[in-house]
There are 6 protein chains.
Amino acid sequence: MRIEDMTTEEFARAMKSDPLVFLPLGATEGHGPHLPLSTDSLQPEWLCEALADRFDGLVAPLLSYGQHSSTRNMAGTLSLRAETLKMAVIDILESLERHGARKVVVVSGHAGMVHLAAVKGACEEFVRKTDASVMVLTDYDIAYKFPIEKDPEYPDGHGGLIETSRILAIKPELVKTKRERAKFIDPHFMITKDPERFYPQGFVGDAAKATANLGNEINEFIFKRMVELIEKNFEA
Amino acid sequence: MRIEDMTTEEFARAMKSDPLVFLPLGATEGHGPHLPLSTDSLQPEWLCEALADRFDGLVAPLLSYGQHSSTRNMAGTLSLRAETLKMAVIDILESLERHGARKVVVVSGHAGMVHLAAVKGACEEFVRKTDASVMVLTDYDIAYKFPIEKDPEYPDGHGGLIETSRILAIKPELVKTKRERAKFIDPHFMITKDPERFYPQGFVGDAAKATANLGNEINEFIFKRMVELIEKNFEA
Amino acid sequence: MRIEDMTTEEFARAMKSDPLVFLPLGATEGHGPHLPLSTDSLQPEWLCEALADRFDGLVAPLLSYGQHSSTRNMAGTLSLRAETLKMAVIDILESLERHGARKVVVVSGHAGMVHLAAVKGACEEFVRKTDASVMVLTDYDIAYKFPIEKDPEYPDGHGGLIETSRILAIKPELVKTKRERAKFIDPHFMITKDPERFYPQGFVGDAAKATANLGNEINEFIFKRMVELIEKNFEA
Amino acid sequence: MRIEDMTTEEFARAMKSDPLVFLPLGATEGHGPHLPLSTDSLQPEWLCEALADRFDGLVAPLLSYGQHSSTRNMAGTLSLRAETLKMAVIDILESLERHGARKVVVVSGHAGMVHLAAVKGACEEFVRKTDASVMVLTDYDIAYKFPIEKDPEYPDGHGGLIETSRILAIKPELVKTKRERAKFIDPHFMITKDPERFYPQGFVGDAAKATANLGNEINEFIFKRMVELIEKNFEA
Amino acid sequence: MRIEDMTTEEFARAMKSDPLVFLPLGATEGHGPHLPLSTDSLQPEWLCEALADRFDGLVAPLLSYGQHSSTRNMAGTLSLRAETLKMAVIDILESLERHGARKVVVVSGHAGMVHLAAVKGACEEFVRKTDASVMVLTDYDIAYKFPIEKDPEYPDGHGGLIETSRILAIKPELVKTKRERAKFIDPHFMITKDPERFYPQGFVGDAAKATANLGNEINEFIFKRMVELIEKNFEA
Amino acid sequence: MRIEDMTTEEFARAMKSDPLVFLPLGATEGHGPHLPLSTDSLQPEWLCEALADRFDGLVAPLLSYGQHSSTRNMAGTLSLRAETLKMAVIDILESLERHGARKVVVVSGHAGMVHLAAVKGACEEFVRKTDASVMVLTDYDIAYKFPIEKDPEYPDGHGGLIETSRILAIKPELVKTKRERAKFIDPHFMITKDPERFYPQGFVGDAAKATANLGNEINEFIFKRMVELIEKNFEA
């Protein structure tokens, strides 16, 4: 199911049934003092594996690096240029297509705009040149629709309640027990050399309220919505 | 005030007061059967000129072309690659900075994600290399906060109530009198060769309700919010 | 007739008659103390509109930026890299072709060699990939054949007699009344960091002699020659 | 120790001691019917983790994709362009350097010439721009010096005795029990569309003789040599 | 004197006197039925060697390939993209500068506009980044000022009277004895897939009149003018 | 036989017999105090001409510049970026193919890994797009198989016994009579700003033992092996 664990022959055999191929796009990015740098890798990888299980699909190897704008100076954020990321996604999609993939679901854990646009731009170029079908989203397109109680003082965001809960559900040993709450300072559309100053604590939201239970609920919510979407998109 | 109308000496003189320089980014894009292809050029140009008036700033020449994903096959949409747009914005910013500009406000009329990411990515690269201050946004970051009555059946969007009203206020002679209402079909995150099919009428929202009065109110709302933001961002 | 003023449907309808599409390439460039920075935009835009009128053609939106070598340090010259310009022209031509354009006339107001080569190189790449016919020139390919009296002491050039006269005919309100004459210093093929020193007054020729009448004659001369060329090139 | 498992603060703290940072470059590539597609990822990741343990260093996240020439048509080989790989390595190195890394060891599991040149070229460009020290090699630069008995009929290579033994030592559950031996057909320097025909069985060497014991010996041999080299290179 | 013939130490020694370095840019291009494909290489190489002799300068190795637009489909024309040529010229200039060259004269044998713009654009980028002085021209900037008798019916051009005479003077054994005269068909600014049709015989002018004597005179004329220009440009 | 010496018609005629086309890739690189900077140009040019003679093939013009890593700071080494070299080789191959070449042998005199990978990468991209057959190698792939007596103290390499002997055979007037022996310092996989320090004398091996006789033997050895390979590769 994980392409990296298969031999070339196993992969060739699996491709004969025209399976869904899931491509998890991760990142290495500061997520506050309580979450690991791999936060944006763990989530899409978990989701892709769950979906591949459900649909008898394959999971391509995780791309561990993404593009980062506002967090790029936070210690540990390792960022590709947007151009590099776009080229890498095109190359991976073209490789999959050369081996017969015709249905690909790209899931990005990181949801930065420049990052997502590179990924989406890659998918657009790929789709124009092939007959493959591509679905592309960040799991946060769905996660932020989960009905958590709105905290007017600590609106949720990067490394906040939802994200911390999800990692507590996926890989609790990497989450620190000391978890605080933090606010975002609105940059008012300014582009600066030091955008990390808009994240004084490095994350946004009330991570103190995060629980593994809530994380499981959110993960389940995302999973179910993805199942519905995939059925609509690829089985019609 | 419009850079293109000045001589080189007038421009040099004007730069001595360290003025705000406004860069309007336009587009040539299908906006339904009632709006001109220049819809996304008219709005930022109007806004930049109003703001330059207010702040004694300068307006750089309009860039008439942007990047388009979902509307690229609509007749009349003329699209740059994201790479081209990013390079052009970098080149223009670097030219302005070479001549002394230190405070630049980039306003994009088009709000597509890949387009905006190219613009934002350009500003980020520029800011890292210079000491100039850059503010970048689409006027729709503000326009969509204007409190119009929500129409649950016809949610507003591309070429809809707000956009049509604004063009009625700015350049009514280019708006057709027959104006309808239209729905968007959710693409469910699919990337396709023919994304225009998600816009069966080429626009989204209830354009029939649009009026110049409403357009003036929205334009005023955007203008005022921009004035506040610019005062905060550049006068602190 | 101006693509930007049309709706998507009007554009689609107009394309059915296989019209000539005119693409005016402008620039923002210092042209001496008497001419506006838009000098090289005003001329091709005027010409393209006149020709579109004559041939029932369409005019694509002006590209307001070009590439500048010798004038790049003059206040107000906003320059794209040659690579950016070439990519932009390719993108615009490919967009036009995607919507059915098969006969394109590209008119560049700026006549710098590196600029023109970027434009010509773009057209060459485009032509090799499509069946469209492309004519490309600067209006100065024709303008400099207009029989003005040679002034041995003040040979005409950038911002000089011909160019000033043409702008006096097209947009007199942007031309200063104080107009002088200026010489060019031969750079003897040297490439320097400060090429503007070869234009001590920022322009070349006897602008003092310029008149709107002469400008009208020259514009007419260019227009007529263009009509002949277009008839030969596209109606054979 | 693994950067991806650390929080931003843990990473920042760790960087204060000026640690060695190990960057494992993996690949997804056909390695015959008995080895997993991740063969070239497992080896450098194992080595980097062992070395980081030994030197109190850090391990950057694995890059799971490389560039492939001769195996690119084998089912499951997912290949980046050389340009993409080079850009990605530059981006990762620059990110590490921005956060204070001054001693980097890049270990590539894949040893294809075009792949390695992209990696080496990236390191060269990086080194010219910074004061960081970079060591770059493939573990096969050392592995092929391990004194295995030469089999004149089945010379060892891609997916052969050494590689299979090493994976048996690192991750035996991914190695098939049926293991054969295979020959390489010399391409005589021809570049072809179907270079996989020079690997009729998809690998080269006598995989049948591979044992976990031998793999442990080879891994130990590589580890010890790396320890020596690193001590010489970074502790002088 | 020819860099390629020197050892590294001889080159290092020669650079100590801050010599002029001449870079001949050649081409491989169809020049009619009577001239060799190397015509545009022979001329700048001859000129650079003569000038290096005169000024105790050095000659860099010939770049044998250029960019070709109108002749690219003529048998034997081997053309680089403009981008490749520009990058190559930048790389060579930067290499020379790294080794101490501060005065460079670039002479291009080929005079196509896109080719020359690539060369000039390369020199401009180089000059902005260094303190080296660069002179760049094609020998035809001077050759076409040689006062040959104007033949109104057969105006001179590519492979014509001047060029044939010069090759007769430089390398007569490569010039065919059967030499004709040919006309150019004006392309009227059209860009076409088959631009060679504007050269029905593959060259332009009255090659039948060419003589080695005339070639020697023209070469001498170019040489003398170059000597004057170099003295003015570099000895002031 | 040498393409540069032919007219366009001679070339066209020659192409009709579907000849082998040899492309010699040279370099301008420091080769110790006794060898000329053109050492890596002289060898492939000699070989290509000998092979073209033998097979009635054609020789394309020498590309005099290559990519250099470890010797790039040695006086006289003129280096292209790997990207430039790759693009140039693609452009030349595509030009040859456009004129009908279907069998190309690329011989690189320089054997640096990044250089060769650029050349090989170019050939791979070319081969995927055409039906041409391409053989690519450095003559040192064969030369280092010539059975010279191993000198354990002075192992042979860059500018050493083999290379010096070959140049003594090909162009003795460019080889200095004072010839020494030199050792290479192992860089232990470190990438440094000053890689020339690993070549304290600028070359590697016992050049003092070099003779023209040995050079002739080695050249003959390479020639014969090439003849065999070409017969196998292109005549089957």
# chains A, B, ... in the order shown; residues from 1 in each chain; ligands from 1
call {"tool": "select_by_dssp", "arguments": {"residues": "region 25-216 of chain C", "states": "helix (DSSP H, G or I)", "output": "CSV table (one decimal) with N, CA and C atoms, in the first residue's frame"}}
result
chain,number,residue,atom,x,y,z
C,39,THR,N,5.7,57.9,-23.3
C,39,THR,CA,5.8,58.2,-24.7
C,39,THR,C,5.8,56.9,-25.6
C,40,ASP,N,6.5,55.9,-25.2
C,40,ASP,CA,6.5,54.7,-26.0
C,40,ASP,C,5.3,53.8,-25.9
C,41,SER,N,4.4,54.2,-25.0
C,41,SER,CA,3.1,53.5,-24.9
C,41,SER,C,2.1,54.2,-25.8
C,42,LEU,N,2.1,55.5,-25.7
C,42,LEU,CA,1.1,56.3,-26.5
C,42,LEU,C,1.1,56.0,-28.0
C,43,GLN,N,2.4,55.9,-28.5
C,43,GLN,CA,2.5,55.8,-29.9
C,43,GLN,C,2.0,54.4,-30.5
C,44,PRO,N,2.4,53.3,-29.9
C,44,PRO,CA,1.8,52.0,-30.5
C,44,PRO,C,0.3,51.9,-30.2
C,45,GLU,N,-0.1,52.5,-29.1
C,45,GLU,CA,-1.5,52.3,-28.8
C,45,GLU,C,-2.3,53.1,-29.8
C,46,TRP,N,-1.9,54.4,-30.1
C,46,TRP,CA,-2.5,55.1,-31.1
C,46,TRP,C,-2.6,54.4,-32.4
C,47,LEU,N,-1.4,53.9,-32.8
C,47,LEU,CA,-1.3,53.2,-34.1
C,47,LEU,C,-2.2,52.0,-34.2
C,48,CYS,N,-2.2,51.2,-33.1
C,48,CYS,CA,-3.0,49.9,-33.1
C,48,CYS,C,-4.4,50.3,-33.2
C,49,GLU,N,-4.9,51.3,-32.5
C,49,GLU,CA,-6.3,51.6,-32.5
C,49,GLU,C,-6.7,52.1,-33.9
C,50,ALA,N,-5.8,52.9,-34.5
C,50,ALA,CA,-6.1,53.4,-35.9
C,50,ALA,C,-6.2,52.2,-36.9
C,51,LEU,N,-5.3,51.3,-36.7
C,51,LEU,CA,-5.2,50.2,-37.7
C,51,LEU,C,-6.4,49.2,-37.4
C,52,ALA,N,-6.8,49.0,-36.2
C,52,ALA,CA,-7.9,48.2,-35.9
C,52,ALA,C,-9.2,48.8,-36.4
C,53,ASP,N,-9.3,50.1,-36.4
C,53,ASP,CA,-10.4,50.8,-37.0
C,53,ASP,C,-10.5,50.5,-38.5
C,54,ARG,N,-9.3,50.6,-39.1
C,54,ARG,CA,-9.2,50.5,-40.5
C,54,ARG,C,-9.6,49.1,-41.0
C,55,PHE,N,-9.1,48.1,-40.2
C,55,PHE,CA,-9.2,46.7,-40.7
C,55,PHE,C,-10.3,45.9,-39.9
C,82,ALA,N,14.9,41.2,-20.0
C,82,ALA,CA,14.5,40.7,-21.3
C,82,ALA,C,13.8,39.3,-21.2
C,83,GLU,N,14.2,38.5,-20.3
C,83,GLU,CA,13.6,37.2,-20.1
C,83,GLU,C,12.1,37.3,-19.7
C,84,THR,N,11.8,38.3,-18.8
C,84,THR,CA,10.4,38.5,-18.4
C,84,THR,C,9.6,39.0,-19.6
C,85,LEU,N,10.1,39.9,-20.4
C,85,LEU,CA,9.4,40.5,-21.5
C,85,LEU,C,9.1,39.4,-22.5
C,86,LYS,N,10.1,38.6,-22.8
C,86,LYS,CA,9.9,37.5,-23.8
C,86,LYS,C,8.8,36.5,-23.3
C,87,MET,N,8.9,36.1,-22.0
C,87,MET,CA,7.9,35.2,-21.5
C,87,MET,C,6.5,35.9,-21.6
C,88,ALA,N,6.4,37.1,-21.3
C,88,ALA,CA,5.1,37.8,-21.3
C,88,ALA,C,4.5,37.8,-22.7
C,89,VAL,N,5.3,38.1,-23.7
C,89,VAL,CA,4.8,38.2,-25.0
C,89,VAL,C,4.4,36.8,-25.5
C,90,ILE,N,5.2,35.8,-25.2
C,90,ILE,CA,4.8,34.4,-25.5
C,90,ILE,C,3.4,34.1,-24.8
C,91,ASP,N,3.3,34.4,-23.6
C,91,ASP,CA,2.0,34.1,-22.9
C,91,ASP,C,0.8,34.8,-23.5
C,92,ILE,N,1.0,36.0,-23.9
C,92,ILE,CA,-0.1,36.8,-24.4
C,92,ILE,C,-0.5,36.2,-25.8
C,93,LEU,N,0.6,35.9,-26.6
C,93,LEU,CA,0.3,35.3,-27.9
C,93,LEU,C,-0.4,34.0,-27.8
C,94,GLU,N,0.1,33.2,-26.9
C,94,GLU,CA,-0.5,31.8,-26.7
C,94,GLU,C,-2.0,32.0,-26.2
C,95,SER,N,-2.2,32.9,-25.4
C,95,SER,CA,-3.6,33.1,-24.9
C,95,SER,C,-4.5,33.5,-26.1
C,96,LEU,N,-4.0,34.5,-26.9
C,96,LEU,CA,-4.8,34.9,-28.1
C,96,LEU,C,-5.0,33.7,-29.0
C,97,GLU,N,-4.0,32.9,-29.2
C,97,GLU,CA,-4.2,31.8,-30.2
C,97,GLU,C,-5.1,30.8,-29.6
C,98,ARG,N,-5.1,30.6,-28.3
C,98,ARG,CA,-6.1,29.6,-27.7
C,98,ARG,C,-7.5,30.1,-27.9
C,113,MET,N,17.5,47.5,-28.8
C,113,MET,CA,17.8,46.2,-29.4
C,113,MET,C,17.5,45.0,-28.5
C,114,VAL,N,17.9,45.1,-27.3
C,114,VAL,CA,17.6,44.0,-26.4
C,114,VAL,C,16.1,43.7,-26.2
C,115,HIS,N,15.4,44.8,-26.1
C,115,HIS,CA,13.9,44.8,-26.0
C,115,HIS,C,13.3,44.2,-27.2
C,116,LEU,N,13.7,44.7,-28.4
C,116,LEU,CA,13.1,44.2,-29.7
C,116,LEU,C,13.4,42.7,-29.9
C,117,ALA,N,14.6,42.3,-29.5
C,117,ALA,CA,15.0,40.9,-29.7
C,117,ALA,C,14.2,40.0,-28.8
C,118,ALA,N,13.9,40.5,-27.6
C,118,ALA,CA,13.0,39.7,-26.7
C,118,ALA,C,11.7,39.5,-27.3
C,119,VAL,N,11.2,40.6,-27.9
C,119,VAL,CA,9.8,40.5,-28.6
C,119,VAL,C,9.9,39.6,-29.8
C,120,LYS,N,10.9,39.8,-30.6
C,120,LYS,CA,11.0,39.0,-31.8
C,120,LYS,C,11.3,37.5,-31.5
C,121,GLY,N,12.1,37.3,-30.5
C,121,GLY,CA,12.4,35.9,-30.1
C,121,GLY,C,11.1,35.2,-29.6
C,122,ALA,N,10.3,36.0,-28.9
C,122,ALA,CA,9.0,35.4,-28.4
C,122,ALA,C,8.1,35.1,-29.6
C,123,CYS,N,8.1,36.0,-30.6
C,123,CYS,CA,7.2,35.7,-31.8
C,123,CYS,C,7.8,34.5,-32.5
C,124,GLU,N,9.1,34.3,-32.6
C,124,GLU,CA,9.7,33.2,-33.3
C,124,GLU,C,9.3,31.9,-32.6
C,125,GLU,N,9.4,31.8,-31.3
C,125,GLU,CA,9.0,30.6,-30.6
C,125,GLU,C,7.6,30.3,-30.8
C,126,PHE,N,6.8,31.3,-30.7
C,126,PHE,CA,5.3,31.2,-30.9
C,126,PHE,C,5.0,30.6,-32.3
C,127,VAL,N,5.6,31.2,-33.3
C,127,VAL,CA,5.2,30.9,-34.7
C,127,VAL,C,5.6,29.4,-34.9
C,128,ARG,N,6.7,28.9,-34.3
C,128,ARG,CA,7.1,27.6,-34.6
C,128,ARG,C,6.1,26.5,-34.0
C,129,LYS,N,5.4,27.0,-33.0
C,129,LYS,CA,4.5,26.0,-32.4
C,129,LYS,C,3.0,26.1,-32.8
C,139,ASP,N,7.1,50.8,-34.5
C,139,ASP,CA,6.7,51.9,-35.4
C,139,ASP,C,7.9,52.7,-35.8
C,140,TYR,N,9.0,52.7,-35.1
C,140,TYR,CA,10.2,53.4,-35.5
C,140,TYR,C,10.9,52.8,-36.7
C,141,ASP,N,10.6,51.5,-37.0
C,141,ASP,CA,11.1,50.9,-38.3
C,141,ASP,C,10.6,51.8,-39.4
C,142,ILE,N,9.4,52.3,-39.3
C,142,ILE,CA,8.8,53.1,-40.4
C,142,ILE,C,9.1,54.6,-40.1
C,143,ALA,N,8.9,55.0,-38.9
C,143,ALA,CA,9.0,56.5,-38.6
C,143,ALA,C,10.3,57.1,-39.1
C,161,LEU,N,13.0,65.1,-32.5
C,161,LEU,CA,12.1,65.9,-33.4
C,161,LEU,C,10.9,65.0,-33.7
C,162,ILE,N,11.1,63.8,-34.2
C,162,ILE,CA,10.0,62.9,-34.7
C,162,ILE,C,9.2,62.5,-33.5
C,163,GLU,N,9.8,62.0,-32.5
C,163,GLU,CA,9.0,61.5,-31.3
C,163,GLU,C,8.2,62.6,-30.7
C,164,THR,N,8.9,63.8,-30.5
C,164,THR,CA,8.1,64.9,-29.8
C,164,THR,C,7.0,65.3,-30.7
C,165,SER,N,7.2,65.4,-32.0
C,165,SER,CA,6.1,65.8,-32.8
C,165,SER,C,4.9,64.8,-32.8
C,166,ARG,N,5.3,63.5,-32.7
C,166,ARG,CA,4.2,62.5,-32.7
C,166,ARG,C,3.4,62.6,-31.4
C,167,ILE,N,4.1,62.9,-30.3
C,167,ILE,CA,3.3,63.0,-29.0
C,167,ILE,C,2.5,64.3,-29.0
C,168,LEU,N,3.1,65.3,-29.6
C,168,LEU,CA,2.3,66.6,-29.7
C,168,LEU,C,1.0,66.3,-30.5
C,169,ALA,N,1.1,65.4,-31.5
C,169,ALA,CA,-0.1,65.1,-32.2
C,169,ALA,C,-1.1,64.2,-31.5
C,170,ILE,N,-0.5,63.3,-30.7
C,170,ILE,CA,-1.4,62.3,-30.0
C,170,ILE,C,-1.9,62.7,-28.6
C,172,PRO,N,-1.0,66.1,-26.7
C,172,PRO,CA,-0.3,67.4,-26.5
C,172,PRO,C,-0.2,67.8,-25.0
C,173,GLU,N,-1.3,67.5,-24.3
C,173,GLU,CA,-1.3,68.0,-22.9
C,173,GLU,C,-0.2,67.4,-22.0
C,174,LEU,N,0.5,66.3,-22.5
C,174,LEU,CA,1.6,65.7,-21.8
C,174,LEU,C,2.9,66.2,-22.2
C,195,PRO,N,25.0,54.1,-18.6
C,195,PRO,CA,24.9,54.4,-20.0
C,195,PRO,C,24.1,55.7,-20.2
C,196,GLU,N,23.5,56.2,-19.2
C,196,GLU,CA,22.7,57.5,-19.3
C,196,GLU,C,23.6,58.6,-19.6
C,197,ARG,N,24.9,58.5,-19.3
C,197,ARG,CA,25.8,59.6,-19.5
C,197,ARG,C,26.0,59.9,-21.0
C,198,PHE,N,25.6,58.9,-21.8
C,198,PHE,CA,25.7,59.2,-23.3
C,198,PHE,C,24.5,60.0,-23.8
C,207,ALA,N,14.2,68.8,-30.4
C,207,ALA,CA,12.8,68.8,-30.0
C,207,ALA,C,12.2,70.2,-30.1
C,208,ALA,N,13.0,71.2,-30.2
C,208,ALA,CA,12.5,72.6,-30.2
C,208,ALA,C,11.7,72.8,-31.5
C,209,LYS,N,12.1,72.1,-32.5
C,209,LYS,CA,11.4,72.2,-33.8
C,209,LYS,C,10.1,71.4,-34.0
C,212,ALA,N,2.9,69.8,-33.7
C,212,ALA,CA,1.8,68.8,-33.9
C,212,ALA,C,1.5,68.5,-35.3
C,213,ASN,N,1.6,69.5,-36.2
C,213,ASN,CA,1.4,69.2,-37.6
C,213,ASN,C,2.4,68.2,-38.1
C,214,LEU,N,3.6,68.4,-37.8
C,214,LEU,CA,4.6,67.4,-38.3
C,214,LEU,C,4.3,66.0,-37.7
C,215,GLY,N,3.9,66.0,-36.5
C,215,GLY,CA,3.5,64.8,-35.8
C,215,GLY,C,2.4,64.1,-36.6
C,216,ASN,N,1.4,64.8,-36.9
C,216,ASN,CA,0.3,64.3,-37.7
C,216,ASN,C,0.7,63.7,-39.0
call {"tool": "interface_residues", "arguments": {"of": "chain F", "to": "chain D", "cutoff": "6 Å", "atoms": "only C-alpha atoms", "output": "list of chain:residue names"}}
result
F:Val114, F:Ala117, F:Arg128, F:Val134, F:Met135, F:Val136, F:Phe189, F:Met190, F:Ile191, F:Lys193
call {"tool": "atom_distance", "arguments": {"atom1": "CA of Glu10 (chain D)", "atom2": "CA of Thr177 (chain A)"}}
result
14.3 Å
call {"tool": "select_by_dssp", "arguments": {"residues": "region 21-186 of chain F", "states": "strand (DSSP E)", "output": "PyMOL selection string"}}
result
chain F and resi 21-25+58-59+103-108+133-138+181-182
call {"tool": "closest_residue", "arguments": {"among": "D:Pro36, D:Gly66, D:Pro24, D:Gly159", "to": "Phe203 (chain D)", "atoms": "only C-alpha atoms"}}
result
D:Gly159
call {"tool": "atom_distance", "arguments": {"atom1": "CA of Gly32 (chain C)", "atom2": "CA of Ala60 (chain C)"}}
result
28.3 Å
call {"tool": "atom_distance", "arguments": {"atom1": "CA of Asp5 (chain B)", "atom2": "CA of Leu37 (chain C)"}}
result
6.3 Å
call {"tool": "residues_around", "arguments": {"residues": "Gly202 (chain A)", "least_positions_apart": "5", "cutoff": "12 Å", "atoms": "only C-alpha atoms", "output": "MDAnalysis selection string"}}
result
(chainID A and resid 29:35 37 70:77 157:160 180:185 195:197 207) or (chainID D and resid 7:9)
call {"tool": "decode", "arguments": {"residues": "region 141-154 of chain D", "atoms": "N, CA, C and O atoms", "output": "short mmCIF file (atom, residue, chain, number, x, y, z; two decimals), in the first residue's frame"}}
result
data_model
loop_
_atom_site.label_atom_id
_atom_site.label_comp_id
_atom_site.auth_asym_id
_atom_site.auth_seq_id
_atom_site.Cartn_x
_atom_site.Cartn_y
_atom_site.Cartn_z
N ASP D 141 30.15 5.08 -2.34
CA ASP D 141 31.58 5.41 -2.50
C ASP D 141 32.41 4.56 -1.54
O ASP D 141 33.56 4.23 -1.82
N ILE D 142 31.84 4.22 -0.39
CA ILE D 142 32.55 3.38 0.59
C ILE D 142 32.16 1.92 0.45
O ILE D 142 33.00 1.02 0.48
N ALA D 143 30.85 1.68 0.25
CA ALA D 143 30.36 0.29 0.24
C ALA D 143 31.11 -0.56 -0.78
O ALA D 143 31.43 -1.73 -0.52
N TYR D 144 31.38 0.05 -1.95
CA TYR D 144 32.02 -0.76 -3.00
C TYR D 144 33.49 -1.04 -2.70
O TYR D 144 34.16 -1.73 -3.48
N LYS D 145 33.99 -0.48 -1.61
CA LYS D 145 35.35 -0.84 -1.19
C LYS D 145 35.35 -1.99 -0.19
O LYS D 145 36.43 -2.47 0.18
N PHE D 146 34.19 -2.43 0.23
CA PHE D 146 34.13 -3.57 1.14
C PHE D 146 34.61 -4.80 0.38
O PHE D 146 34.18 -5.07 -0.74
N PRO D 147 35.51 -5.57 1.00
CA PRO D 147 36.15 -6.68 0.27
C PRO D 147 35.27 -7.93 0.18
O PRO D 147 35.51 -8.90 0.89
N ILE D 148 34.25 -7.88 -0.66
CA ILE D 148 33.51 -9.13 -0.91
C ILE D 148 34.29 -9.95 -1.92
O ILE D 148 35.10 -9.43 -2.69
N GLU D 149 34.02 -11.24 -1.88
CA GLU D 149 34.61 -12.14 -2.86
C GLU D 149 34.10 -11.75 -4.25
O GLU D 149 32.89 -11.64 -4.45
N LYS D 150 35.00 -11.52 -5.17
CA LYS D 150 34.57 -11.14 -6.53
C LYS D 150 33.98 -12.36 -7.22
O LYS D 150 34.60 -13.43 -7.26
N ASP D 151 32.80 -12.18 -7.78
CA ASP D 151 32.20 -13.25 -8.58
C ASP D 151 32.37 -12.86 -10.04
O ASP D 151 31.68 -11.96 -10.53
N PRO D 152 33.31 -13.47 -10.74
CA PRO D 152 33.63 -12.98 -12.10
C PRO D 152 32.42 -13.06 -13.02
O PRO D 152 32.30 -12.28 -13.95
N GLU D 153 31.53 -13.99 -12.75
CA GLU D 153 30.40 -14.15 -13.65
C GLU D 153 29.28 -13.16 -13.30
O GLU D 153 28.55 -12.70 -14.16
N TYR D 154 29.15 -12.89 -12.00
CA TYR D 154 28.09 -11.98 -11.57
C TYR D 154 28.66 -10.81 -10.78
O TYR D 154 28.53 -10.74 -9.57
#
